[in-house]
Amino acid sequence: MLVRIAGNLARFLLSLLAATVLVFALMRVLPGDPAVIAAGQNASPEIVASLARQFGTDRPLPVQYWDWFSGLWRGDFGVSYVTRADISPLVADKVQVSLILVSAAMVLALAIAIPAGTLAAVRHNKPSGALVSAASQLGIAIPGFLLGIVLVSFFALRLGWLPANGWVAPGVDFAGFLSRLVLPVMALAGVQSAILVRYIRSAVLEVMHEDYLRTARAKGLSRMRALGRHGLRNAAIPVLTVTGVQFSALIIGAVVIERVFVIPGLGSMLLAAVGNRDLLTVQSVVMVLVAITLIVNLLVDVLYTVLDPRIRAAVR
Amino acid sequence: MQATPTSRRRKTGALLAAVLGATLLLSACNAGAGTGARDPQQLVVALTGEPVNLDFTTTAGAAIPQAMMANVYEGLVTVDQTGAIQPLLATGWETSADNKSYTFTLVQGATFSNGAAFDASDVKFSIERVKSDAWLNGLKSKMDVVDDVVVNSPTSVTVNLSRPSQAWLYSMTTLVGAMFDPSGVDDLANKPVGTGPYALESWARGESISLVARPDYRGAAPGIARVTLRYFADAIATTNALSSGDVDVIYNMQAPELLSSFESNPGYQVIEGTSNGEIILSMNNKAKPFNDKRVRQAVLYAIDRKSVRDTAWNGLGALVGGPVPPTDPYYEDLNELYPFDPAKARALLKEAGAENLKITFTVPTRPYATAVSEIVQSQLRDVGIDARIASAEFPAVWLDTVFNRHDYQMSVVLAVEARDVLTMFNNPDYYIGYDNSKIKAEAAAADAADTANYVAGMKNVVRTIVDDAPVDTLFIFPNISVAKAGITGLSANSVSEALNLATIAWS
């Protein structure tokens with residue numbers, strides 16, 4: 001077990017290291033110079049050169065890389081030369097927003113998808129099961145932002161029950177925070193639950209055909225009880241994998257929903273920073289994303305061993 | 001035992017319902033509070049495009065002066081809604097007989113938001129700073145004409161120019177004329193210090209900027225004590241926020257197609273004004289095929305500017321026919337110079353041997369540009385010009401390829417700088433590449449002349465430029481605002497780079 005986790009950690013650190021090089025290189029290949037953008041239209045080449053000197057983007061690339069990388073070790077992303085703001089506290093702020101949003105959405109999505117997916121599998125040859133499958137197909141086809149717009153126009157504009165958009169930190173005004181969280185979480189969870197239903201349905205269908213389930217039925221358990229006691233735990237493994245992948249993808253993929261609901265999350269920050277060619281901020285955000293993805297994978301891996309005694313036995 | 005799981009399930013269901021209900025109730029109360037009684041000392045303005053930082057001395061972009069000028073910073077002079085120059089930190093000024101010296105008398109009792117007093121030495125400091133290496137904004141060249149600044153007394157200062165310049169006094173109304181305190185320039189990106197009626201209260205990056213009225217402001221207190229500027233990336237989110245009561249004003253709206261729901265609603269006022277921005281269909285005058293005047297003229301005859309504006313921007317925005325907005329002193333209606341005449345366009349193309357022309361049309365990723373590009377493309381196709389649209393990320397890629405490397409044939413861009421006709425056309429190295437030999441002398445003479453001759457001379461210059469067809473000015477970008485019915489004092493025209501908040505109040 002410990003060896004496995006240590007191996008995971010080593011892989012984690014190596015991936016992070018590789019990511020720093022990759023992100024740094026990609027940002028330099030991108031067309032568009034931060035000094036040109038800061039100088040704007042009608043700037044002379046001298047002004048652009050002075051800005052590049054001030055930004056430090058005129059230094060050799062290895063020097064720039066080392067400057068950034070050595071800061072990373074100290075947990076310091078540095079000061080953005082474009083915004084002239086300390087990056088670390090800003091990123092921390094936005095990470096919090098994104099994590100709250102995506103976690104809430106994933107919890108809601110699972111709360112919908114687990115019963116719905118199981119139902120679709122158990123009744124796969126009945127109308128109710130087919131209905132759930134059809135609904136999930138429809139849910140996947142509807143883009144999240146469209147669902148968001150529909151939710152806003154109904155709940156916020158027509159009924160006036162909830163604010164149309166914006167974000168309040170939970171520490172500032174908790175009721176305001178909740179009211180602004182409801183619609184974006186629904187919009188995100190709508191699509192996610194539709195995706196998860198399909199995975200859960202096929203995972204449950206698969207275990208329903210396993211020998212051990214037939215044996216459990218033969219012992220006299222009802223179909224639901226056999227599934228509940230022996231099946232769901234097995235079906236959970238592929239679902240856990242998908243949930244982990246979706247979670248990581250949503251941290252940045254929620255950017256469309258962030259735009260519709262004017263939520264200052266990590267995705268919006270990344271988009272703005274790319275637009276301004278704010279290289280340091282882009283690098284920092286991407287590093288955080290890589291780290292989150294790797295941590296989620298690590299967690300999923302650990303959860304496998306909790307869920308599945310066979311894996312536990314194999315690693316012991 | 002069969003009952004246990006069912007009742008447990010029921011309990012869970014009831015609990016879930018209770019939590020959900022409580023959340024909705026809480027949120028409903030909250031939403032109600034947001035739309036209820038309004039505090040007359042608060043205002044939320046929705047804007048597009050957040051400033052990158054707050055320092056316009058080293059960072060380009062319209063969002064910074066929009067929030068900072070007139071509110072946090074002031075100049076010696078300003079422009080009114082008609083575009084005329086008015087005193088601000090100066091109570092008046094006198095020009096020398098040779099028009100090369102301006103002596104300003106300054107207001108008394110003005111202070112900066114850090115408590116420092118404003119006097120003539122700050123004027124000298126501010127103007128000289130623009131000319132120094134501390135300023136890294138393309139607009140700093142507007143101060144090149146200044147020779148020196150002499151402090152006569154704490155309330156009197158003389159600026160000596162190397163030559164007479166009508167344009168210089170106007171540029172003093174813009175951000176290059178902003179007055180700074182020597183002890184307040186350490187962190188302009190985050191801590192602006194000016195003499196204006198508002199001071200920066202807080203800035204939640206990625207969300208909003210809060211400005212609060214200064215109790216020690218020398219003049220009348222602004223109509224609203226705290227103004228929040230909220231930044232939106234999405235046009236529909238902006239109108240939703242107004243409809244649901246989260247914002248009070250949408251200023252300089254970028255999506256005229258969303259206006260209809262407010263126009264018929266008595267709870268709102270839709271204000272259409274003009275701006276300094278011209279939508280310019282630019283052609284590379286130095287490269288084939290647009291180095292041939294006849295081909296450029298053909299483009300101007302081929303395009304029906306009215307239908308472009310009506311289709312792309314819901315019929316809003318003035319049709320002017322030249323690169324000068326109606327609020328400039330040397331404006332005149334030049335629509336008749338190149339009327340819509342596709343037959344003439346075809347004839348000119350034939351004469352130039354440019355039939356079945358294939359060009360690349362580089363379109364920046366901005367709503368106005370994409371809206372305009374398709375109708376322009378189809379009108380060009382009607383006269384035999386096949387324009388292939390290539391999208392360019394704005395500003396990064398557009399600045400790099402079109403503006404700096406001049407690697408383009410045709411493009412379209414909103415030129416927002418005030419009085420920018422000479423910036424665009426009196427410089428052959430500008431991306432348009434207009435040969436300025438015909439206008440150079442006349443433009444210089446006009447700038448050095450008295451006001452009447454300045455206006456007459458500039459009108460001539462503009463006519464010469466438009467006649468050469470270096471670009472097609474499609475229309476003037478309208479300044480559209482939507483505000484709740486109770487709001488007064490919102491400027492209709494965007495004639496300066498600032499959104500002046502101090503005049504706004506709740507009736």
# chains A, B, ... in the order shown; residues from 1 in each chain; ligands from 1
>>> select_by_dssp(residues="stretch 114-158 of chain A", states="alpha helix (DSSP H)", output="MDAnalysis selection string")
chainID A and resid 114:122 127:141 144:151
>>> closest_atom_pairs(of="chain B", to="chain A", cutoff="8 Å", atoms="only C-alpha atoms", output="CSV")
residue,atom,partner,partner_atom,distance
B:Thr23,CA,A:Leu178,CA,6.9
B:Leu24,CA,A:Ser179,CA,7.2
B:Leu26,CA,A:Ala175,CA,5.8
B:Ser27,CA,A:Ser179,CA,4.2
B:Ala28,CA,A:Trp161,CA,4.8
B:Asn30,CA,A:Gly176,CA,6.0
B:Ala31,CA,A:Leu162,CA,5.3
B:Gly32,CA,A:Trp161,CA,7.6
B:Val52,CA,A:Thr83,CA,5.4
B:Asn53,CA,A:Thr83,CA,4.9
B:Thr58,CA,A:Ala39,CA,7.1
B:Thr59,CA,A:Ala38,CA,4.8
B:Ala60,CA,A:Gly40,CA,4.8
B:Gly61,CA,A:Gly40,CA,6.7
B:Leu136,CA,A:Ile47,CA,5.6
B:Asn137,CA,A:Ala39,CA,5.4
B:Gly138,CA,A:Ala43,CA,3.7
B:Leu139,CA,A:Asn42,CA,7.1
B:Ala189,CA,A:Arg84,CA,6.3
B:Asn190,CA,A:Arg84,CA,7.5
B:Arg205,CA,A:Leu90,CA,7.9
B:Gly206,CA,A:Pro264,CA,5.7
B:Glu207,CA,A:Pro264,CA,6.4
B:Phe232,CA,A:Val262,CA,6.6
B:Ala233,CA,A:Arg259,CA,6.5
B:Asp234,CA,A:Arg259,CA,6.1
B:Ile236,CA,A:Val260,CA,7.6
B:Ala237,CA,A:Val260,CA,5.7
B:Asn240,CA,A:Ala164,CA,6.0
B:Ala241,CA,A:Ala164,CA,5.8
B:Ser243,CA,A:Leu157,CA,6.7
B:Ser244,CA,A:Leu157,CA,5.8
B:Asp246,CA,A:Pro163,CA,7.5
B:Phe394,CA,A:Gly275,CA,7.8
B:Pro395,CA,A:Ile37,CA,6.8
B:Ala396,CA,A:Gly32,CA,4.7
B:Val397,CA,A:Gly32,CA,5.3
B:Leu399,CA,A:Ile37,CA,7.2
B:Asp400,CA,A:Gly32,CA,5.8
B:Phe403,CA,A:Gln41,CA,7.5
B:Thr423,CA,A:Asn42,CA,7.8
>>> write_last_selection(atoms="C-alpha atoms", output="PDB file, in the first residue's frame")
ATOM      1  CA  THR B  23     -32.009  26.924   0.493  1.00  0.00           C
ATOM      2  CA  LEU B  24     -34.647  28.197  -1.886  1.00  0.00           C
ATOM      3  CA  LEU B  26     -33.035  31.722   1.971  1.00  0.00           C
ATOM      4  CA  SER B  27     -32.149  32.571  -1.575  1.00  0.00           C
ATOM      5  CA  ALA B  28     -35.597  33.923  -2.312  1.00  0.00           C
ATOM      6  CA  ASN B  30     -31.955  37.346  -0.552  1.00  0.00           C
ATOM      7  CA  ALA B  31     -33.066  37.902  -4.125  1.00  0.00           C
ATOM      8  CA  GLY B  32     -35.950  39.953  -2.816  1.00  0.00           C
ATOM      9  CA  VAL B  52      -5.692  44.728 -16.776  1.00  0.00           C
ATOM     10  CA  ASN B  53      -4.326  47.065 -14.121  1.00  0.00           C
ATOM     11  CA  THR B  58       2.356  52.004 -18.768  1.00  0.00           C
ATOM     12  CA  THR B  59      -0.610  49.965 -20.008  1.00  0.00           C
ATOM     13  CA  ALA B  60      -2.795  50.491 -23.057  1.00  0.00           C
ATOM     14  CA  GLY B  61      -6.498  49.680 -23.185  1.00  0.00           C
ATOM     15  CA  LEU B 136       5.288  53.679 -21.566  1.00  0.00           C
ATOM     16  CA  ASN B 137       2.035  54.290 -23.407  1.00  0.00           C
ATOM     17  CA  GLY B 138       1.904  55.012 -27.142  1.00  0.00           C
ATOM     18  CA  LEU B 139      -0.102  58.164 -26.452  1.00  0.00           C
ATOM     19  CA  ALA B 189      -1.293  49.829 -11.117  1.00  0.00           C
ATOM     20  CA  ASN B 190      -3.017  49.110  -7.804  1.00  0.00           C
ATOM     21  CA  ARG B 205     -10.080  41.309  -9.720  1.00  0.00           C
ATOM     22  CA  GLY B 206     -12.170  39.472 -12.240  1.00  0.00           C
ATOM     23  CA  GLU B 207     -15.336  41.028 -10.795  1.00  0.00           C
ATOM     24  CA  PHE B 232     -19.085  41.309 -17.728  1.00  0.00           C
ATOM     25  CA  ALA B 233     -17.613  39.151 -20.459  1.00  0.00           C
ATOM     26  CA  ASP B 234     -21.005  38.069 -21.784  1.00  0.00           C
ATOM     27  CA  ILE B 236     -26.640  38.325 -22.207  1.00  0.00           C
ATOM     28  CA  ALA B 237     -25.353  38.056 -18.644  1.00  0.00           C
ATOM     29  CA  ASN B 240     -29.893  39.583 -17.249  1.00  0.00           C
ATOM     30  CA  ALA B 241     -28.185  41.391 -14.396  1.00  0.00           C
ATOM     31  CA  SER B 243     -33.387  42.786 -15.587  1.00  0.00           C
ATOM     32  CA  SER B 244     -32.975  41.081 -12.245  1.00  0.00           C
ATOM     33  CA  ASP B 246     -28.312  43.426  -9.790  1.00  0.00           C
ATOM     34  CA  PHE B 394      -7.883  40.486 -30.597  1.00  0.00           C
ATOM     35  CA  PRO B 395      -5.783  42.155 -29.342  1.00  0.00           C
ATOM     36  CA  ALA B 396      -2.833  39.730 -29.218  1.00  0.00           C
ATOM     37  CA  VAL B 397      -2.752  38.288 -32.727  1.00  0.00           C
ATOM     38  CA  LEU B 399      -1.764  43.685 -33.065  1.00  0.00           C
ATOM     39  CA  ASP B 400       1.051  41.342 -33.983  1.00  0.00           C
ATOM     40  CA  PHE B 403      -0.810  46.371 -36.748  1.00  0.00           C
ATOM     41  CA  THR B 423      -2.509  59.367 -36.162  1.00  0.00           C
TER      42      THR B 423
END
>>> atom_distance(atom1="atom CA of B:Gln42", atom2="atom CA of B:Arg230")
13.0 Å
>>> closest_atom_pairs(of="stretch 386-500 of chain B", to="stretch 88-107 of chain B", cutoff="12 Å", atoms="only C-alpha atoms", output="tab-separated table")
residue	atom	partner	partner_atom	distance
B:Asp447	CA	B:Asn99	CA	10.7
B:Ala448	CA	B:Asn99	CA	7.9
B:Ala449	CA	B:Asn99	CA	8.5
B:Asp450	CA	B:Asn99	CA	8.2
B:Thr451	CA	B:Asn99	CA	10.7
>>> write_last_selection(atoms="N, CA and C atoms", output="short mmCIF file (atom, residue, chain, number, x, y, z; two decimals), in the first residue's frame")
data_model
loop_
_atom_site.label_atom_id
_atom_site.label_comp_id
_atom_site.auth_asym_id
_atom_site.auth_seq_id
_atom_site.Cartn_x
_atom_site.Cartn_y
_atom_site.Cartn_z
N ASP B 447 -2.52 72.77 -37.70
CA ASP B 447 -2.27 72.61 -36.26
C ASP B 447 -1.68 73.89 -35.68
N ALA B 448 -0.86 74.61 -36.49
CA ALA B 448 -0.20 75.82 -36.00
C ALA B 448 -1.08 77.06 -36.15
N ALA B 449 -2.20 76.95 -36.84
CA ALA B 449 -3.03 78.11 -37.13
C ALA B 449 -3.95 78.46 -35.95
N ASP B 450 -4.72 79.56 -36.12
CA ASP B 450 -5.71 79.86 -35.09
C ASP B 450 -6.91 78.92 -35.25
N THR B 451 -7.87 79.01 -34.33
CA THR B 451 -8.92 78.01 -34.29
C THR B 451 -9.70 77.91 -35.60
#
>>> select_by_dssp(residues="stretch 203-450 of chain B", states="strand (DSSP E or B)", output="count of residues only")
52
>>> atom_distance(atom1="atom CA of B:Pro87", atom2="atom CA of B:Glu74")
10.6 Å
>>> decode(residues="stretch 139-157 of chain A", atoms="C-alpha atoms", output="mmCIF file, in the first residue's frame")
data_model
loop_
_atom_site.group_PDB
_atom_site.id
_atom_site.type_symbol
_atom_site.label_atom_id
_atom_site.label_comp_id
_atom_site.auth_asym_id
_atom_site.auth_seq_id
_atom_site.Cartn_x
_atom_site.Cartn_y
_atom_site.Cartn_z
ATOM 1 C CA GLY A 139 -29.154 15.826 -21.375
ATOM 2 C CA ILE A 140 -25.851 15.122 -23.084
ATOM 3 C CA ALA A 141 -27.050 16.845 -26.241
ATOM 4 C CA ILE A 142 -27.993 20.064 -24.427
ATOM 5 C CA PRO A 143 -24.974 22.338 -23.950
ATOM 6 C CA GLY A 144 -24.476 23.464 -20.351
ATOM 7 C CA PHE A 145 -24.544 27.161 -21.199
ATOM 8 C CA LEU A 146 -27.913 26.792 -22.921
ATOM 9 C CA LEU A 147 -29.338 25.055 -19.863
ATOM 10 C CA GLY A 148 -27.845 27.902 -17.823
ATOM 11 C CA ILE A 149 -29.541 30.559 -19.933
ATOM 12 C CA VAL A 150 -32.867 28.734 -19.727
ATOM 13 C CA LEU A 151 -32.552 28.385 -15.945
ATOM 14 C CA VAL A 152 -31.731 32.077 -15.577
ATOM 15 C CA SER A 153 -34.590 33.261 -17.739
ATOM 16 C CA PHE A 154 -37.041 31.091 -15.829
ATOM 17 C CA PHE A 155 -35.938 31.182 -12.187
ATOM 18 C CA ALA A 156 -34.228 34.586 -12.111
ATOM 19 C CA LEU A 157 -36.007 36.714 -14.682
#
